[in-house]
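First comes the structure, then the notes that go with it.
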Amino acid sequence: MRTSKLAQTTAALVLVACACAIIAFGFSYRGPLDRPNPYLSRATTDTGATNLVAGIYLDYRLYDSLFELLVFSVAVLGVRFYLGTTRQSPNTKAIPESQAVRASADLLFSPILLIGVYLILFGHLSPGGGFSGGAVAGTGLLLCAVALGAETVARRFHSTQLELFEWGALFVVLLLVLIPLIFGLSPFTDLLPRGAPGELLSGGTLLIYNVLIGIKVFVGTWVVISTFIRHRGEI
Amino acid sequence: MTATALLLLLPPIAIFALASRRRLTAVMSMGLLSLILAAVYLLARAPDVAITEAAIGAALVTLIYLLAIRRSGRLSVVCSEVPQLFFREGKRFDGLEHEILAGFAHELGLDLVVSILPHSELREALGRGEAEIAAGGIIPGEQSRSVLCTTGFLPTAVFRITGEGHIPHSHSDVLDYMSDTLDAIRSRRLASCDLDLARFIPVSRLDLTGYTVQRLEGREASYSFLVASDRPDLRDRLTTHIESLKESGELERMIARYLR
């Protein structure tokens, strides 16, 4: 008992030390500075996005992001598939939460959702984007689950319609990626006008991708959590 | 400079999260870790990563952990109050059984949540899934299928007190609350009653003229805990815990502290 505990502690400490070393190394790394990065000068005119990060992962590297989205979908699918075979747990009694938690959840839910939507819509102009915006909005829903009891929130949100949204978003993304084939162009080509950089309606398809990815991540987060709740009683 | 200072804060917080026995403390320090990491990302001029780290690491994961530990982070116990074994002192609980269970909960890294119930309702409460463990001077009689029973931790004896001149055979077990039992004996209302040792000691200090007291022979009994029938794992761990207390002599010291 005691030796295994010692081994566990040692392993944990070694892991923490390794992680610290990697982080420290990452922050000291400055990259090759001898030649200027071509993306820095070209990205805004190429993609129309003032947030270069969004320009890179939704335009130059859209192929990578598409598979990232597919990985997320497979994860959601896996949770639903493997938990779907287990029996649905009987209604467990919700644990009442303190008044302070409920009040702060009421107060914070709308601002959090709003910040999520802002991050999604302005992802091509300022830091943010579909992935982080969707996660922020999902957090708002989870906060409600903590305050009101997950069962109540699960009942209020109709899962079947939400699932439709989730797969619909993925379908539209795949469609958008393949549409250029009709015009004889290679897939992943951005057909929409770039617009004036800095305006909301600019950056070609970036805004559409951000919205779709945001919906996908928001719904996916909730589907995973509510599936756990429905089939295991709690997470 | 600030980034380096914040980075240096991370390992101590991580070690604290790993080392803390209470789950809520561990979850909260994990959230703090993510929040500081997000600040570091921001200072390193990576606001996109900082936003994602704050949303997922500090908020989403912390909330999922909170939802997960709200049920599994507690060890819920129902008990009836018994002098020396499990009693309330102000807002706190004390007693031999409480000390055993508190140590057990600490070993599992759980918070002990106690609710008081009448003695006769303990088994039903376990059956309804309202609690995982029942305590409070329980002598497991005939093995019922609805609850599990741990090993005994303290041998006891059963005393029967019978009031003379009362209706015979209207035999009741221990009344629901200890204070009711004492009141009933004081006002000579109690016809007959079986009391275990812990309950008998305060009764024996009363004026028992008019009652006959008899130690029931052939009922070798010892106190133990009841565990909900769907938690055989918990029963085994509690039994192991009691056995290890016996082996180390700690149980002997506890009994001496509370009962002598």
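All residue names refer to the structure tokens as shown: chains lettered A, B, ... in order, residues numbered from 1 in each chain, ligands numbered from 1 in order.
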Please determine the contact residues of chain B with respect to chain A at a cut-off of 7 Å, counting only C-alpha atoms, and supply them as a PDB file with N, CA and C atoms, in the first residue's frame.
ATOM      1  N   PRO B  11       3.935  24.902 -10.952  1.00  0.00           N
ATOM      2  CA  PRO B  11       4.253  23.607 -10.323  1.00  0.00           C
ATOM      3  C   PRO B  11       3.723  23.469  -8.896  1.00  0.00           C
ATOM      4  N   PRO B  47      -3.560  35.505 -27.595  1.00  0.00           N
ATOM      5  CA  PRO B  47      -4.890  35.679 -26.993  1.00  0.00           C
ATOM      6  C   PRO B  47      -5.888  34.603 -27.388  1.00  0.00           C
ATOM      7  N   ASP B  48      -5.773  34.071 -28.610  1.00  0.00           N
ATOM      8  CA  ASP B  48      -6.694  33.005 -29.028  1.00  0.00           C
ATOM      9  C   ASP B  48      -6.570  31.799 -28.113  1.00  0.00           C
ATOM     10  N   ILE B  51      -7.960  32.545 -24.608  1.00  0.00           N
ATOM     11  CA  ILE B  51      -9.422  32.456 -24.508  1.00  0.00           C
ATOM     12  C   ILE B  51      -9.858  31.000 -24.415  1.00  0.00           C
ATOM     13  N   THR B  52      -9.269  30.160 -25.276  1.00  0.00           N
ATOM     14  CA  THR B  52      -9.661  28.750 -25.268  1.00  0.00           C
ATOM     15  C   THR B  52      -9.287  28.090 -23.945  1.00  0.00           C
ATOM     16  N   ALA B  55     -11.718  29.241 -21.314  1.00  0.00           N
ATOM     17  CA  ALA B  55     -13.075  28.688 -21.480  1.00  0.00           C
ATOM     18  C   ALA B  55     -13.110  27.201 -21.174  1.00  0.00           C
ATOM     19  N   ILE B  56     -12.143  26.456 -21.700  1.00  0.00           N
ATOM     20  CA  ILE B  56     -12.189  25.002 -21.549  1.00  0.00           C
ATOM     21  C   ILE B  56     -11.518  24.564 -20.255  1.00  0.00           C
ATOM     22  N   ALA B  59     -13.097  26.938 -17.018  1.00  0.00           N
ATOM     23  CA  ALA B  59     -14.544  26.918 -16.786  1.00  0.00           C
ATOM     24  C   ALA B  59     -15.167  25.553 -17.080  1.00  0.00           C
ATOM     25  N   LEU B  60     -15.036  25.096 -18.336  1.00  0.00           N
ATOM     26  CA  LEU B  60     -15.757  23.882 -18.753  1.00  0.00           C
ATOM     27  C   LEU B  60     -15.346  22.663 -17.927  1.00  0.00           C
ATOM     28  N   LEU B  63     -16.351  22.894 -14.260  1.00  0.00           N
ATOM     29  CA  LEU B  63     -17.791  22.667 -14.047  1.00  0.00           C
ATOM     30  C   LEU B  63     -18.134  21.184 -14.210  1.00  0.00           C
ATOM     31  N   LEU B  67     -19.864  18.908 -11.354  1.00  0.00           N
ATOM     32  CA  LEU B  67     -21.051  18.073 -11.537  1.00  0.00           C
ATOM     33  C   LEU B  67     -20.749  16.633 -11.154  1.00  0.00           C
ATOM     34  N   ALA B  68     -19.524  16.194 -11.489  1.00  0.00           N
ATOM     35  CA  ALA B  68     -19.187  14.791 -11.245  1.00  0.00           C
ATOM     36  C   ALA B  68     -19.023  14.509  -9.756  1.00  0.00           C
TER      37      ALA B  68
END
>> as a PyMOL selection string, please: the residues near Gly127 of chain B (cut-off 8 Å, only C-alpha atoms, same-chain neighbours under 5 positions excluded).
In response: chain B and resi 146-147+228-229
Mind writing the picked residues with C-alpha atoms as a compact mmCIF listing (two decimals), in the first residue's frame?
# COMPACT_ATOMS: atom_id res chain seq x y z
CA SER B 146 -32.19 -5.36 1.47
CA VAL B 147 -29.03 -4.16 3.23
CA ALA B 228 -26.89 -0.02 0.94
CA SER B 229 -27.34 -3.26 -0.98
> Could you name the residues that touch segment 113-126 of chain B at 9 Å or less, counting only C-alpha atoms, but leaving out those on the same chain fewer than 3 positions away, as a PyMOL selection string?
Replying inline: chain B and resi 74-81+93+129-138+146-147+173-177+226-229
>> I want to know what sits within 9 Å of Asn210 of chain A, based on only C-alpha atoms, with residues of the same chain fewer than 2 positions away left out; could you give that as number ranges by chain?
In response: A: 54, 58, 120-124, 129-131, 133, 205-208, 212-215
Write the residues of the preceding selection, restricted to N, CA and C atoms, as a PDB file, in the first residue's frame.
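See selection_22.pdb below for the written result:
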ATOM      1  N   ALA A  54      -7.129  33.206 -37.294  1.00  0.00           N
ATOM      2  CA  ALA A  54      -8.328  32.706 -37.974  1.00  0.00           C
ATOM      3  C   ALA A  54      -8.059  32.549 -39.464  1.00  0.00           C
ATOM      4  N   LEU A  58      -8.626  28.812 -40.892  1.00  0.00           N
ATOM      5  CA  LEU A  58      -9.856  28.641 -41.665  1.00  0.00           C
ATOM      6  C   LEU A  58      -9.665  28.911 -43.150  1.00  0.00           C
ATOM      7  N   ILE A 120     -17.677  34.085 -31.557  1.00  0.00           N
ATOM      8  CA  ILE A 120     -17.910  33.369 -32.815  1.00  0.00           C
ATOM      9  C   ILE A 120     -17.999  34.354 -33.982  1.00  0.00           C
ATOM     10  N   LEU A 121     -18.822  35.414 -33.796  1.00  0.00           N
ATOM     11  CA  LEU A 121     -19.088  36.328 -34.914  1.00  0.00           C
ATOM     12  C   LEU A 121     -17.865  37.165 -35.276  1.00  0.00           C
ATOM     13  N   PHE A 122     -17.061  37.541 -34.287  1.00  0.00           N
ATOM     14  CA  PHE A 122     -15.916  38.414 -34.546  1.00  0.00           C
ATOM     15  C   PHE A 122     -14.605  37.625 -34.598  1.00  0.00           C
ATOM     16  N   GLY A 123     -14.719  36.303 -34.774  1.00  0.00           N
ATOM     17  CA  GLY A 123     -13.524  35.457 -34.744  1.00  0.00           C
ATOM     18  C   GLY A 123     -12.506  35.805 -35.808  1.00  0.00           C
ATOM     19  N   HIS A 124     -12.955  36.351 -36.959  1.00  0.00           N
ATOM     20  CA  HIS A 124     -12.001  36.665 -38.020  1.00  0.00           C
ATOM     21  C   HIS A 124     -11.406  38.058 -37.855  1.00  0.00           C
ATOM     22  N   GLY A 129     -13.219  32.886 -32.233  1.00  0.00           N
ATOM     23  CA  GLY A 129     -13.470  31.921 -33.295  1.00  0.00           C
ATOM     24  C   GLY A 129     -14.469  30.878 -32.866  1.00  0.00           C
ATOM     25  N   GLY A 130     -14.814  30.004 -33.792  1.00  0.00           N
ATOM     26  CA  GLY A 130     -15.855  29.018 -33.546  1.00  0.00           C
ATOM     27  C   GLY A 130     -15.552  28.066 -32.414  1.00  0.00           C
ATOM     28  N   PHE A 131     -14.320  27.574 -32.363  1.00  0.00           N
ATOM     29  CA  PHE A 131     -13.997  26.581 -31.351  1.00  0.00           C
ATOM     30  C   PHE A 131     -14.107  27.164 -29.951  1.00  0.00           C
ATOM     31  N   GLY A 133     -15.444  30.141 -29.031  1.00  0.00           N
ATOM     32  CA  GLY A 133     -16.763  30.724 -28.789  1.00  0.00           C
ATOM     33  C   GLY A 133     -17.793  29.664 -28.438  1.00  0.00           C
ATOM     34  N   THR A 205     -15.462  33.293 -46.585  1.00  0.00           N
ATOM     35  CA  THR A 205     -16.282  32.301 -45.892  1.00  0.00           C
ATOM     36  C   THR A 205     -15.915  32.139 -44.416  1.00  0.00           C
ATOM     37  N   LEU A 206     -14.902  32.887 -43.939  1.00  0.00           N
ATOM     38  CA  LEU A 206     -14.441  32.679 -42.558  1.00  0.00           C
ATOM     39  C   LEU A 206     -15.577  32.813 -41.554  1.00  0.00           C
ATOM     40  N   LEU A 207     -16.420  33.853 -41.755  1.00  0.00           N
ATOM     41  CA  LEU A 207     -17.517  34.103 -40.814  1.00  0.00           C
ATOM     42  C   LEU A 207     -18.479  32.913 -40.793  1.00  0.00           C
ATOM     43  N   ILE A 208     -18.796  32.390 -41.998  1.00  0.00           N
ATOM     44  CA  ILE A 208     -19.728  31.251 -42.083  1.00  0.00           C
ATOM     45  C   ILE A 208     -19.139  30.032 -41.379  1.00  0.00           C
ATOM     46  N   LEU A 212     -20.675  28.039 -38.129  1.00  0.00           N
ATOM     47  CA  LEU A 212     -20.995  26.606 -38.187  1.00  0.00           C
ATOM     48  C   LEU A 212     -20.203  25.817 -37.144  1.00  0.00           C
ATOM     49  N   ILE A 213     -18.904  26.139 -37.038  1.00  0.00           N
ATOM     50  CA  ILE A 213     -18.066  25.433 -36.055  1.00  0.00           C
ATOM     51  C   ILE A 213     -18.546  25.758 -34.639  1.00  0.00           C
ATOM     52  N   GLY A 214     -18.935  27.034 -34.438  1.00  0.00           N
ATOM     53  CA  GLY A 214     -19.442  27.430 -33.122  1.00  0.00           C
ATOM     54  C   GLY A 214     -20.675  26.625 -32.739  1.00  0.00           C
ATOM     55  N   ILE A 215     -21.635  26.499 -33.668  1.00  0.00           N
ATOM     56  CA  ILE A 215     -22.843  25.698 -33.401  1.00  0.00           C
ATOM     57  C   ILE A 215     -22.457  24.264 -33.081  1.00  0.00           C
TER      58      ILE A 215
END
> Near Ile69 of chain B, within 8 Å and counting only C-alpha atoms, which residues show up once chain neighbours fewer than 4 positions away are dropped, as an NGL selection string?
Replying inline: :B and (23-24 or 65 or 73-74)
> Counting only C-alpha atoms, what is within 7 Å of Gly152 of chain B, bar same-chain residues fewer than 2 positions away, as a ChimeraX atom specification?
Replying inline: /B:150,154,222-224
>> Need to verify the contact set: Leu162 of chain A, 10 Å, only C-alpha atoms, exclusion of same-chain residues closer than 4 positions in sequence. Can you return it as a list in words?
In response: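 Once the adjacent positions are removed, what remains is Phe157, His158, Glu166, Trp167, Gly168, Ile215, Lys216, Phe218, Val219, Gly220, Trp222 and Val223 of chain A.
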Dump of N, CA and C atoms for the selected residues, as a compact mmCIF listing (two decimals), in the first residue's frame:
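Ended up saving to again24.txt:
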# COMPACT_ATOMS: atom_id res chain seq x y z
N PHE A 157 -33.87 21.51 -22.81
CA PHE A 157 -33.29 21.55 -24.16
C PHE A 157 -33.66 20.26 -24.87
N HIS A 158 -34.28 20.42 -26.01
CA HIS A 158 -34.76 19.23 -26.72
C HIS A 158 -33.63 18.63 -27.51
N GLU A 166 -26.54 19.84 -34.92
CA GLU A 166 -25.14 19.45 -34.88
C GLU A 166 -24.71 18.84 -36.20
N TRP A 167 -25.50 17.84 -36.65
CA TRP A 167 -25.11 17.16 -37.89
C TRP A 167 -25.36 18.06 -39.09
N GLY A 168 -26.38 18.92 -39.02
CA GLY A 168 -26.61 19.88 -40.09
C GLY A 168 -25.41 20.79 -40.29
N ILE A 215 -21.64 26.50 -33.67
CA ILE A 215 -22.84 25.70 -33.40
C ILE A 215 -22.46 24.26 -33.08
N LYS A 216 -21.57 23.75 -33.90
CA LYS A 216 -21.16 22.34 -33.75
C LYS A 216 -20.54 22.09 -32.38
N PHE A 218 -20.75 24.01 -29.62
CA PHE A 218 -21.72 24.30 -28.56
C PHE A 218 -22.66 23.12 -28.35
N VAL A 219 -23.27 22.65 -29.44
CA VAL A 219 -24.21 21.53 -29.32
C VAL A 219 -23.49 20.25 -28.92
N GLY A 220 -22.30 20.04 -29.53
CA GLY A 220 -21.55 18.82 -29.24
C GLY A 220 -21.20 18.73 -27.76
N TRP A 222 -22.77 20.03 -25.27
CA TRP A 222 -23.97 19.74 -24.49
C TRP A 222 -24.45 18.31 -24.70
N VAL A 223 -24.36 17.81 -25.95
CA VAL A 223 -24.82 16.44 -26.22
C VAL A 223 -24.00 15.45 -25.40
>> Please compute the atom CA of Pro36 of chain A-atom CA of Ser186 of chain A distance, one decimal, in Å.
In response: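 Computing it gives 28.8 Å between the two atoms.
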